[in-house]
>>> print(open('entry_13.cif').read())   # mmCIF, C-alpha atoms
data_data
loop_
_atom_site.label_atom_id
_atom_site.label_comp_id
_atom_site.auth_asym_id
_atom_site.auth_seq_id
_atom_site.Cartn_x
_atom_site.Cartn_y
_atom_site.Cartn_z
CA MET P 17 140.69 -80.86 55.12
CA SER P 18 144.03 -79.82 53.66
CA ARG P 19 144.94 -79.88 49.98
CA ARG P 20 148.04 -79.41 47.83
CA GLY P 21 147.25 -75.92 46.57
CA PRO P 22 145.37 -72.73 47.52
CA GLY P 23 141.69 -72.67 46.70
CA THR P 24 141.53 -76.41 46.12
CA LEU P 25 139.71 -77.17 49.36
CA LEU P 26 136.95 -74.68 48.52
CA ARG P 27 136.63 -76.19 45.04
CA ASP P 28 136.30 -79.69 46.50
CA LEU P 29 133.77 -78.58 49.10
CA LEU P 30 131.58 -76.94 46.45
CA ARG P 31 131.74 -80.17 44.44
CA GLY P 32 130.36 -82.23 47.33
CA ASP P 33 133.64 -83.64 48.66
CA ASP P 34 133.22 -87.09 50.28
CA GLN P 35 135.91 -86.46 52.88
CA ALA P 36 134.06 -83.36 54.07
CA ARG P 37 130.89 -85.43 54.36
CA ALA P 38 132.80 -87.93 56.49
CA VAL P 39 134.02 -85.15 58.76
CA ALA P 40 130.53 -83.68 58.95
CA GLN P 41 128.98 -87.02 59.89
CA ILE P 42 131.46 -87.51 62.73
CA VAL P 43 130.90 -83.98 64.03
CA ALA P 44 127.11 -84.37 63.87
CA HIS P 45 127.33 -87.76 65.59
CA VAL P 46 129.38 -86.46 68.53
CA ALA P 47 127.65 -83.03 68.41
CA PRO P 48 130.10 -80.80 70.30
CA ASP P 49 128.87 -77.31 71.16
CA ILE P 50 132.35 -75.92 70.47
CA LEU P 51 134.54 -77.55 67.84
CA VAL P 52 138.27 -77.02 67.32
CA LEU P 53 139.62 -78.22 63.98
CA GLN P 54 143.19 -78.56 62.77
CA GLY P 55 144.40 -79.27 59.26
CA VAL P 56 141.89 -76.95 57.56
CA ASP P 57 143.31 -74.79 54.76
CA TYR P 58 142.93 -71.07 55.45
CA ASP P 59 141.82 -68.28 53.14
CA ALA P 60 141.46 -64.64 54.14
CA ASP P 61 137.69 -64.50 53.56
CA LEU P 62 137.08 -67.84 55.32
CA LEU P 63 135.29 -69.13 52.22
CA ALA P 64 136.50 -72.72 52.69
CA LEU P 65 135.68 -72.73 56.40
CA SER P 66 132.21 -71.31 55.72
CA ALA P 67 131.61 -73.99 53.08
CA LEU P 68 132.75 -76.70 55.50
CA ARG P 69 130.46 -75.26 58.17
CA ASP P 70 127.58 -75.56 55.66
CA VAL P 71 128.41 -79.22 55.03
CA ILE P 72 128.40 -79.85 58.78
CA SER P 73 125.06 -78.05 59.08
CA GLU P 74 123.57 -80.28 56.39
CA ALA P 75 124.64 -83.27 58.50
CA GLY P 76 122.68 -81.86 61.45
CA GLN P 77 125.10 -79.85 63.60
CA MET P 78 124.75 -76.05 63.44
CA TYR P 79 127.49 -73.54 64.22
CA ASP P 80 126.49 -69.90 63.98
CA HIS P 81 129.96 -68.60 64.80
CA VAL P 82 133.37 -69.43 63.31
CA ILE P 83 136.86 -68.00 63.49
CA ALA P 84 140.15 -68.75 61.78
CA LEU P 85 143.28 -66.61 61.87
CA ALA P 86 146.14 -66.60 59.39
CA PRO P 87 148.44 -69.50 60.31
CA ASN P 88 152.23 -69.55 60.08
CA THR P 89 152.11 -72.46 57.67
CA GLY P 90 153.51 -71.75 54.22
CA MET P 91 154.70 -68.25 55.20
CA GLN P 92 158.03 -68.13 53.39
CA THR P 93 160.97 -66.41 55.08
CA GLY P 94 163.54 -66.28 52.28
CA LEU P 95 165.94 -68.15 54.55
CA ASP P 96 167.03 -71.75 54.99
CA LEU P 97 165.16 -72.70 58.17
CA ASN P 98 165.77 -76.44 58.18
CA GLY P 99 169.46 -76.45 57.27
CA ASP P 100 169.21 -78.43 54.02
CA GLY P 101 171.09 -75.79 52.03
CA ARG P 102 168.12 -74.89 49.84
CA LEU P 103 165.60 -72.05 49.89
CA GLY P 104 161.87 -71.86 49.28
CA GLY P 105 160.83 -75.35 50.38
CA PRO P 106 157.84 -76.11 52.62
CA ALA P 107 160.18 -76.40 55.62
CA ASP P 108 161.63 -72.94 54.98
CA ALA P 109 158.30 -71.35 55.87
CA GLN P 110 157.48 -70.22 59.40
CA GLY P 111 155.44 -73.41 59.63
CA TYR P 112 155.69 -76.34 57.26
CA GLY P 113 153.36 -75.80 54.31
CA ARG P 114 153.28 -76.04 50.54
CA PHE P 115 151.40 -72.72 50.31
CA ARG P 116 150.36 -69.82 52.48
CA GLY P 117 147.55 -70.94 54.78
CA ALA P 118 147.93 -74.69 54.34
CA ASP P 119 146.86 -76.85 57.29
CA GLY P 120 145.41 -74.05 59.39
CA MET P 121 143.13 -74.15 62.44
CA ALA P 122 139.55 -73.09 63.11
CA VAL P 123 137.09 -72.76 65.98
CA LEU P 124 133.35 -73.26 65.43
CA SER P 125 130.86 -72.42 68.17
CA ARG P 126 127.15 -72.39 68.90
CA TRP P 127 127.72 -69.25 70.94
CA PRO P 128 129.24 -65.88 69.96
CA ILE P 129 133.00 -65.66 69.64
CA LEU P 130 134.35 -62.43 71.10
CA THR P 131 136.56 -61.73 68.09
CA GLU P 132 137.84 -58.36 69.30
CA ASP P 133 139.24 -60.00 72.44
CA VAL P 134 140.99 -62.90 70.73
CA GLN P 135 144.71 -63.13 71.53
CA ASP P 136 146.90 -64.40 68.69
CA PHE P 137 150.43 -65.34 69.74
CA SER P 138 151.47 -66.68 66.35
CA HIS P 139 153.95 -63.83 65.83
CA LEU P 140 155.98 -64.67 68.94
CA LEU P 141 159.59 -65.44 68.03
CA TRP P 142 160.80 -68.80 69.25
CA ARG P 143 163.91 -67.35 70.86
CA ASP P 144 161.80 -64.83 72.79
CA LEU P 145 159.97 -67.56 74.71
CA PRO P 146 161.23 -67.41 78.32
CA GLY P 147 163.62 -70.24 79.17
CA THR P 148 163.88 -71.54 75.63
CA LYS P 149 166.72 -73.74 74.39
CA MET P 150 167.48 -73.09 70.72
CA PRO P 151 169.12 -75.77 68.53
CA LYS P 152 172.89 -75.68 68.09
CA VAL P 153 175.52 -77.59 66.14
CA ASP P 154 179.13 -77.40 67.36
CA GLY P 155 178.11 -74.54 69.62
CA ALA P 156 176.71 -72.41 66.77
CA PRO P 157 173.03 -71.56 66.20
CA PHE P 158 171.34 -74.05 63.87
CA PRO P 159 170.80 -73.54 61.02
CA SER P 160 172.04 -69.96 61.38
CA ASP P 161 171.72 -66.93 63.61
CA ALA P 162 169.78 -65.19 60.82
CA ALA P 163 167.26 -68.03 60.72
CA GLN P 164 166.80 -68.02 64.48
CA SER P 165 166.31 -64.24 64.45
CA VAL P 166 163.09 -64.63 62.40
CA GLN P 167 161.85 -68.09 63.39
CA ARG P 168 158.44 -67.97 65.07
CA LEU P 169 157.53 -70.39 67.83
CA SER P 170 154.17 -71.51 66.45
CA SER P 171 154.16 -74.08 63.67
CA VAL P 172 150.54 -73.09 63.01
CA GLY P 173 149.40 -70.76 65.78
CA HIS P 174 148.63 -70.26 69.47
CA TRP P 175 145.25 -68.60 70.07
CA ALA P 176 143.19 -67.63 73.11
CA VAL P 177 139.58 -67.44 71.89
CA PRO P 178 136.96 -66.09 74.33
CA ILE P 179 133.38 -67.31 73.86
CA ALA P 180 130.23 -65.76 75.31
CA HIS P 181 128.43 -68.77 76.76
CA PRO P 182 124.95 -67.92 78.12
CA LEU P 183 126.14 -68.74 81.68
CA GLY P 184 129.36 -66.74 81.42
CA GLN P 185 132.48 -66.21 79.38
CA MET P 186 134.89 -69.05 78.68
CA THR P 187 138.15 -69.19 76.72
CA VAL P 188 139.41 -71.81 74.29
CA LEU P 189 143.21 -72.06 74.14
CA THR P 190 144.19 -73.84 70.96
CA PHE P 191 147.31 -74.75 69.01
CA ALA P 192 148.73 -77.34 66.62
CA ALA P 193 152.35 -78.14 67.38
CA GLY P 194 154.76 -79.38 64.75
CA PRO P 195 155.97 -83.00 64.89
CA PRO P 196 159.12 -83.63 66.95
CA VAL P 197 160.71 -85.68 64.14
CA PHE P 198 162.09 -85.19 60.60
CA ASP P 199 165.26 -83.45 61.81
CA GLY P 200 168.85 -84.31 62.75
CA PRO P 201 170.95 -84.60 65.89
CA GLU P 202 170.41 -80.90 66.60
CA ASP P 203 166.76 -81.89 67.44
CA ARG P 204 165.37 -78.68 66.01
CA ASN P 205 161.85 -80.05 65.61
CA GLY P 206 161.92 -81.80 68.97
CA LEU P 207 162.97 -78.64 70.78
CA ARG P 208 160.39 -76.53 68.99
CA ASN P 209 157.58 -79.00 69.63
CA ALA P 210 158.40 -79.04 73.35
CA ASP P 211 158.40 -75.25 73.51
CA GLU P 212 155.10 -75.01 71.62
CA ILE P 213 153.60 -77.14 74.39
CA ARG P 214 155.48 -75.36 77.19
CA PHE P 215 154.03 -72.06 75.93
CA TRP P 216 150.72 -72.78 77.66
CA ARG P 217 152.23 -73.20 81.11
CA LEU P 218 154.04 -69.87 80.68
CA PHE P 219 150.77 -68.32 79.51
CA LEU P 220 148.95 -69.60 82.58
CA ASP P 221 151.80 -68.27 84.72
CA GLY P 222 151.11 -64.79 83.34
CA ALA P 223 154.47 -64.54 81.57
CA ILE P 224 152.81 -64.01 78.17
CA GLY P 225 149.59 -62.23 77.22
CA GLU P 226 146.48 -61.76 79.36
CA THR P 227 145.69 -64.98 81.19
CA PRO P 228 142.01 -65.86 81.76
CA THR P 229 141.37 -66.19 85.47
CA GLN P 230 138.66 -68.85 85.13
CA ARG P 231 136.84 -71.23 82.80
CA TYR P 232 139.29 -72.03 80.04
CA VAL P 233 140.05 -75.16 78.05
CA ILE P 234 143.26 -76.10 76.25
CA ALA P 235 142.22 -77.97 73.09
CA GLY P 236 144.71 -78.88 70.41
CA ASN P 237 147.17 -81.22 68.77
CA ALA P 238 150.43 -81.42 70.70
CA ASN P 239 151.86 -84.06 68.35
CA LEU P 240 153.42 -85.67 71.41
CA ASP P 241 152.56 -88.65 73.59
CA PRO P 242 153.57 -88.52 77.28
CA THR P 243 154.74 -92.15 77.40
CA ALA P 244 155.55 -93.37 73.88
CA GLY P 245 157.01 -92.29 70.56
CA GLU P 246 159.71 -89.78 69.78
CA GLY P 247 160.02 -86.27 71.17
CA ARG P 248 160.63 -84.60 74.51
CA ARG P 249 157.78 -86.29 76.32
CA LYS P 250 158.29 -84.40 79.56
CA ALA P 251 156.80 -81.29 77.93
CA ILE P 252 153.36 -82.83 77.49
CA ALA P 253 153.61 -84.81 80.73
CA ASP P 254 154.17 -81.54 82.60
CA LEU P 255 151.22 -79.88 80.88
CA ILE P 256 148.66 -82.61 81.50
CA SER P 257 149.74 -82.86 85.15
CA ASP P 258 149.60 -79.10 85.75
CA PRO P 259 147.44 -78.58 88.89
CA ARG P 260 145.50 -75.79 87.15
CA LEU P 261 144.17 -78.27 84.58
CA GLN P 262 142.14 -81.47 84.44
CA ASP P 263 142.98 -84.40 82.17
CA PRO P 264 139.71 -86.34 81.78
CA LEU P 265 141.18 -88.48 78.98
CA ARG P 266 144.26 -89.77 80.77
CA HIS P 267 142.97 -93.35 80.50
CA ALA P 268 141.22 -93.01 77.13
CA GLY P 269 144.06 -94.38 75.01
CA PRO P 270 145.42 -93.15 71.66
CA THR P 271 143.96 -90.34 69.59
CA VAL P 272 145.69 -91.09 66.29
CA ASP P 273 146.17 -94.15 64.10
CA TRP P 274 149.75 -94.18 62.84
CA THR P 275 150.08 -97.91 62.35
CA ASP P 276 151.58 -97.67 58.85
CA PRO P 277 154.26 -96.53 58.96
CA THR P 278 155.29 -96.56 62.60
CA PRO P 279 155.30 -95.09 65.33
CA GLY P 280 151.90 -96.66 65.94
CA ASP P 281 148.84 -95.45 67.82
CA LEU P 282 149.69 -92.52 70.07
CA ARG P 283 147.96 -89.94 72.22
CA VAL P 284 148.69 -86.58 70.58
CA SER P 285 145.45 -84.54 70.82
CA TYR P 286 144.24 -83.10 74.12
CA VAL P 287 141.26 -81.36 75.72
CA LEU P 288 142.29 -80.04 79.14
CA PRO P 289 139.66 -78.03 81.07
CA SER P 290 140.64 -75.71 83.88
CA ARG P 291 139.94 -76.89 87.43
CA ASP P 292 136.80 -74.78 87.84
CA TRP P 293 134.80 -76.89 85.36
CA THR P 294 132.70 -79.90 86.30
CA VAL P 295 133.56 -82.77 83.96
CA SER P 296 130.78 -85.27 83.27
CA GLY P 297 132.26 -87.32 80.44
CA ALA P 298 135.13 -87.66 77.96
CA GLY P 299 136.23 -89.91 75.14
CA VAL P 300 137.88 -90.44 71.77
CA PHE P 301 135.50 -91.24 68.92
CA TRP P 302 136.67 -94.05 66.64
CA PRO P 303 134.12 -94.66 63.83
CA ALA P 304 133.58 -98.27 62.92
CA ALA P 305 135.27 -99.33 59.69
CA ASN P 306 132.29 -101.55 58.85
CA ALA P 307 129.61 -98.92 59.47
CA PRO P 308 126.56 -99.30 57.18
CA ASP P 309 126.05 -96.71 54.47
CA HIS P 310 123.39 -94.85 56.43
CA ASP P 311 125.65 -94.52 59.50
CA LEU P 312 128.90 -92.59 59.01
CA LEU P 313 128.79 -93.82 55.43
CA ALA P 314 131.79 -91.97 54.07
CA ILE P 315 134.28 -93.20 56.66
CA LYS P 316 134.89 -96.56 55.06
CA ASP P 317 135.18 -95.11 51.54
CA VAL P 318 137.46 -92.13 52.10
CA ALA P 319 141.08 -91.83 53.25
CA ALA P 320 140.00 -89.69 56.17
CA SER P 321 142.27 -88.20 58.81
CA ARG P 322 144.15 -90.60 61.02
CA HIS P 323 143.40 -88.26 63.91
CA ARG P 324 140.21 -88.89 65.89
CA LEU P 325 137.73 -86.53 67.47
CA VAL P 326 138.51 -86.00 71.16
CA TRP P 327 135.63 -84.77 73.28
CA VAL P 328 134.99 -83.66 76.87
CA ASP P 329 131.62 -82.75 78.42
CA ILE P 330 131.95 -79.88 80.90
CA SER P 331 129.50 -77.67 82.76
CA PHE P 332 129.58 -74.54 84.86
#
>>> encode(input="entry_13.cif", output="structure tokens")
Amino acid sequence: MSRRGPGTLLRDLLRGDDQARAVAQIVAHVAPDILVLQGVDYDADLLALSALRDVISEAGQMYDHVIALAPNTGMQTGLDLNGDGRLGGPADAQGYGRFRGADGMAVLSRWPILTEDVQDFSHLLWRDLPGTKMPKVDGAPFPSDAAQSVQRLSSVGHWAVPIAHPLGQMTVLTFAAGPPVFDGPEDRNGLRNADEIRFWRLFLDGAIGETPTQRYVIAGNANLDPTAGEGRRKAIADLISDPRLQDPLRHAGPTVDWTDPTPGDLRVSYVLPSRDWTVSGAGVFWPAANAPDHDLLAIKDVAASRHRLVWVDISF
């Protein structure tokens, strides 16, 4: 649900976009009560998100409450952030993006979202994260001290979103980390990806923000597999093994299809409930490529996301 220019997603949705119908069919088939989406272009009035919510409703899954905050993607800094010697490219924004708001995040819920209590950590500077290791080349900050002085940690955002479930409040902790590749020996993207993941352990430690004391779920795209692919895999391995969390999908296999080109199928998306939830089921939904037209009809006709819907059933 991302496009090459601002406003284009809304235009496509209003025209009856097939890809949106494919997304809606998958969501309606799995029917999560709370849905976290990544790769959805953001606009200040949430027009595109509202239109996508309507498409999902037409498919049979209703969400009365939605939230999306301004992402770091496409937010130009006026500095060379990736060290290529040029200014104004997608990689010179706080988060990679061709335009302001590209590839944002959203939360959709059957129950009220407590918007006034949402914590948005997207403004946190990378170098201000406790214990961080910033990239260097020949002992000097990479790409420059000026760049590191403005560089935010979040490629897209880190949010804590409280939701008023009928049986009590819960909190969704969501993020979309940048990929740990497309850089040089300084490992700028690898270091940043690891710190975007490590953020949540610091948050649960109480080092940042107001930590929920019970009933929370980390749900997001870490862009990192604990056992395969590039990146600093220890970061995600430490998170999924944190004793405060459960990992119901540890044996569920990959969550993304990156077979062409490599690195292949990897586990990069996670739903990690806190220990005080009862987990009754979990899985990764892979729609059949040969589904008949009346069943997930758009999947076989549209170049849909390579990422799959990851779900966990939890109860109080």
>>> resolve_selection(input="entry_13.cif", expression="the PyMOL selection byres ((chain P and resi 290-305) around 6)", output="NGL selection string")
:P and (231-233 or 260-262 or 289 or 306-307 or 316 or 325-332)
>>> resolve_selection(input="entry_13.cif", expression="the PyMOL selection byres ((chain P and resi 48) around 9)", output="PDB file with C-alpha atoms, in the coordinates of the input")
ATOM      1  CA  VAL P  43     130.900 -83.980  64.030  1.00  0.00           C
ATOM      2  CA  ALA P  44     127.110 -84.370  63.870  1.00  0.00           C
ATOM      3  CA  HIS P  45     127.330 -87.760  65.590  1.00  0.00           C
ATOM      4  CA  VAL P  46     129.380 -86.460  68.530  1.00  0.00           C
ATOM      5  CA  ALA P  47     127.650 -83.030  68.410  1.00  0.00           C
ATOM      6  CA  ASP P  49     128.870 -77.310  71.160  1.00  0.00           C
ATOM      7  CA  ILE P  50     132.350 -75.920  70.470  1.00  0.00           C
ATOM      8  CA  LEU P  51     134.540 -77.550  67.840  1.00  0.00           C
ATOM      9  CA  GLN P  77     125.100 -79.850  63.600  1.00  0.00           C
ATOM     10  CA  SER P 125     130.860 -72.420  68.170  1.00  0.00           C
ATOM     11  CA  TRP P 327     135.630 -84.770  73.280  1.00  0.00           C
ATOM     12  CA  VAL P 328     134.990 -83.660  76.870  1.00  0.00           C
ATOM     13  CA  ASP P 329     131.620 -82.750  78.420  1.00  0.00           C
TER      14      ASP P 329
END
>>> closest_residue(input="entry_13.cif", among="P:Gly113, P:Gly76, P:Gly280, P:Gly23", to="Gln92 (chain P)", atoms="all atoms listed in the file")
P:Gly113
>>> closest_residue(input="entry_13.cif", among="P:Pro182, P:Gly206, P:Gly200, P:Pro195", to="Arg126 (chain P)", atoms="all atoms listed in the file")
P:Pro182
>>> resolve_selection(input="entry_13.cif", expression="the PyMOL selection byres ((chain P and resi 134-146) around 7)", output="number ranges by chain")
P: 88, 130-133, 147-148, 150, 166-170, 173-178
>>> residues_around(input="entry_13.cif", residues="region 263-273 of chain P", least_positions_apart="3", cutoff="7 Å", atoms="all atoms listed in the file", output="ChimeraX atom specification")
/P:256,280-285,288,298-300,322-324
>>> atom_distance(input="entry_13.cif", atom1="CA of Asp203 (chain P)", atom2="CA of Pro259 (chain P)")
29.1 Å
>>> residues_around(input="entry_13.cif", residues="Ser18 (chain P)", least_positions_apart="5", cutoff="12 Å", atoms="all atoms listed in the file", output="mmCIF file with C-alpha atoms, in the frame of the given file")
data_model
loop_
_atom_site.group_PDB
_atom_site.id
_atom_site.type_symbol
_atom_site.label_atom_id
_atom_site.label_comp_id
_atom_site.auth_asym_id
_atom_site.auth_seq_id
_atom_site.Cartn_x
_atom_site.Cartn_y
_atom_site.Cartn_z
ATOM 1 C CA GLY P 23 141.690 -72.670 46.700
ATOM 2 C CA THR P 24 141.530 -76.410 46.120
ATOM 3 C CA LEU P 25 139.710 -77.170 49.360
ATOM 4 C CA LEU P 26 136.950 -74.680 48.520
ATOM 5 C CA ARG P 27 136.630 -76.190 45.040
ATOM 6 C CA ASP P 28 136.300 -79.690 46.500
ATOM 7 C CA LEU P 29 133.770 -78.580 49.100
ATOM 8 C CA GLN P 35 135.910 -86.460 52.880
ATOM 9 C CA ALA P 36 134.060 -83.360 54.070
ATOM 10 C CA LEU P 53 139.620 -78.220 63.980
ATOM 11 C CA GLN P 54 143.190 -78.560 62.770
ATOM 12 C CA GLY P 55 144.400 -79.270 59.260
ATOM 13 C CA VAL P 56 141.890 -76.950 57.560
ATOM 14 C CA ASP P 57 143.310 -74.790 54.760
ATOM 15 C CA TYR P 58 142.930 -71.070 55.450
ATOM 16 C CA ASP P 59 141.820 -68.280 53.140
ATOM 17 C CA ALA P 64 136.500 -72.720 52.690
ATOM 18 C CA LEU P 65 135.680 -72.730 56.400
ATOM 19 C CA LEU P 68 132.750 -76.700 55.500
ATOM 20 C CA THR P 89 152.110 -72.460 57.670
ATOM 21 C CA GLY P 113 153.360 -75.800 54.310
ATOM 22 C CA ARG P 114 153.280 -76.040 50.540
ATOM 23 C CA PHE P 115 151.400 -72.720 50.310
ATOM 24 C CA ARG P 116 150.360 -69.820 52.480
ATOM 25 C CA GLY P 117 147.550 -70.940 54.780
ATOM 26 C CA ALA P 118 147.930 -74.690 54.340
ATOM 27 C CA ASP P 119 146.860 -76.850 57.290
ATOM 28 C CA GLY P 120 145.410 -74.050 59.390
ATOM 29 C CA MET P 121 143.130 -74.150 62.440
ATOM 30 C CA ALA P 320 140.000 -89.690 56.170
ATOM 31 C CA SER P 321 142.270 -88.200 58.810
#
>>> atom_distance(input="entry_13.cif", atom1="CA of Thr243 (chain P)", atom2="CA of Pro279 (chain P)")
12.4 Å
>>> atom_distance(input="entry_13.cif", atom1="CA of Thr229 (chain P)", atom2="CA of Ile179 (chain P)")
14.1 Å
>>> residues_around(input="entry_13.cif", residues="Ala238 (chain P)", least_positions_apart="5", cutoff="10 Å", atoms="all atoms listed in the file", output="list in words")
Thr190, Phe191, Ala192, Ala193, Gly194, Pro195, Pro196, Asn209, Ala210, Glu212, Ile213, Ala251, Ile252, Arg283, Val284, Ser285 and Tyr286 of chain P
>>> residues_around(input="entry_13.cif", residues="Pro228 (chain P)", least_positions_apart="6", cutoff="10 Å", atoms="only C-alpha atoms", output="PDB file with C-alpha atoms, in the frame of the given file")
ATOM      1  CA  ALA P 176     143.190 -67.630  73.110  1.00  0.00           C
ATOM      2  CA  PRO P 178     136.960 -66.090  74.330  1.00  0.00           C
ATOM      3  CA  GLN P 185     132.480 -66.210  79.380  1.00  0.00           C
ATOM      4  CA  MET P 186     134.890 -69.050  78.680  1.00  0.00           C
ATOM      5  CA  THR P 187     138.150 -69.190  76.720  1.00  0.00           C
ATOM      6  CA  VAL P 188     139.410 -71.810  74.290  1.00  0.00           C
ATOM      7  CA  LEU P 189     143.210 -72.060  74.140  1.00  0.00           C
ATOM      8  CA  PHE P 219     150.770 -68.320  79.510  1.00  0.00           C
ATOM      9  CA  LEU P 220     148.950 -69.600  82.580  1.00  0.00           C
ATOM     10  CA  GLY P 222     151.110 -64.790  83.340  1.00  0.00           C
TER      11      GLY P 222
END
>>> residues_around(input="entry_13.cif", residues="Phe158 (chain P)", least_positions_apart="2", cutoff="9 Å", atoms="all atoms listed in the file", output="VMD selection string")
chain P and resid 97 to 99 150 to 153 155 to 156 160 to 161 163 to 164 202 204
>>> decode(input="entry_13.cif", residues="region 270-302 of chain P", atoms="C-alpha atoms", output="PDB file, in the first residue's frame")
ATOM      1  CA  PRO P 270       9.414 -17.404   7.437  1.00  0.00           C
ATOM      2  CA  THR P 271       7.169 -14.363   7.219  1.00  0.00           C
ATOM      3  CA  VAL P 272       8.440 -12.945   3.928  1.00  0.00           C
ATOM      4  CA  ASP P 273       9.084 -14.294   0.446  1.00  0.00           C
ATOM      5  CA  TRP P 274      12.364 -12.861  -0.820  1.00  0.00           C
ATOM      6  CA  THR P 275      13.249 -15.659  -3.204  1.00  0.00           C
ATOM      7  CA  ASP P 276      14.089 -13.368  -6.126  1.00  0.00           C
ATOM      8  CA  PRO P 277      16.517 -11.854  -5.577  1.00  0.00           C
ATOM      9  CA  THR P 278      18.115 -13.447  -2.543  1.00  0.00           C
ATOM     10  CA  PRO P 279      18.314 -13.572   0.550  1.00  0.00           C
ATOM     11  CA  GLY P 280      15.387 -15.984   0.418  1.00  0.00           C
ATOM     12  CA  ASP P 281      12.510 -16.619   2.799  1.00  0.00           C
ATOM     13  CA  LEU P 282      13.193 -15.094   6.210  1.00  0.00           C
ATOM     14  CA  ARG P 283      11.409 -14.408   9.467  1.00  0.00           C
ATOM     15  CA  VAL P 284      11.276 -10.618   9.788  1.00  0.00           C
ATOM     16  CA  SER P 285       7.811  -9.787  11.221  1.00  0.00           C
ATOM     17  CA  TYR P 286       6.928 -10.508  14.842  1.00  0.00           C
ATOM     18  CA  VAL P 287       3.990 -10.547  17.258  1.00  0.00           C
ATOM     19  CA  LEU P 288       5.322 -10.902  20.809  1.00  0.00           C
ATOM     20  CA  PRO P 289       2.724 -10.795  23.629  1.00  0.00           C
ATOM     21  CA  SER P 290       3.738 -10.031  27.185  1.00  0.00           C
ATOM     22  CA  ARG P 291       3.841 -12.946  29.632  1.00  0.00           C
ATOM     23  CA  ASP P 292       0.484 -12.116  31.230  1.00  0.00           C
ATOM     24  CA  TRP P 293      -1.498 -13.104  28.120  1.00  0.00           C
ATOM     25  CA  THR P 294      -2.863 -16.579  27.458  1.00  0.00           C
ATOM     26  CA  VAL P 295      -1.907 -17.612  23.918  1.00  0.00           C
ATOM     27  CA  SER P 296      -4.289 -19.997  22.167  1.00  0.00           C
ATOM     28  CA  GLY P 297      -2.959 -19.959  18.620  1.00  0.00           C
ATOM     29  CA  ALA P 298      -0.512 -18.341  16.185  1.00  0.00           C
ATOM     30  CA  GLY P 299       0.484 -18.564  12.550  1.00  0.00           C
ATOM     31  CA  VAL P 300       1.633 -16.943   9.326  1.00  0.00           C
ATOM     32  CA  PHE P 301      -0.999 -16.745   6.600  1.00  0.00           C
ATOM     33  CA  TRP P 302       0.250 -17.683   3.130  1.00  0.00           C
TER      34      TRP P 302
END
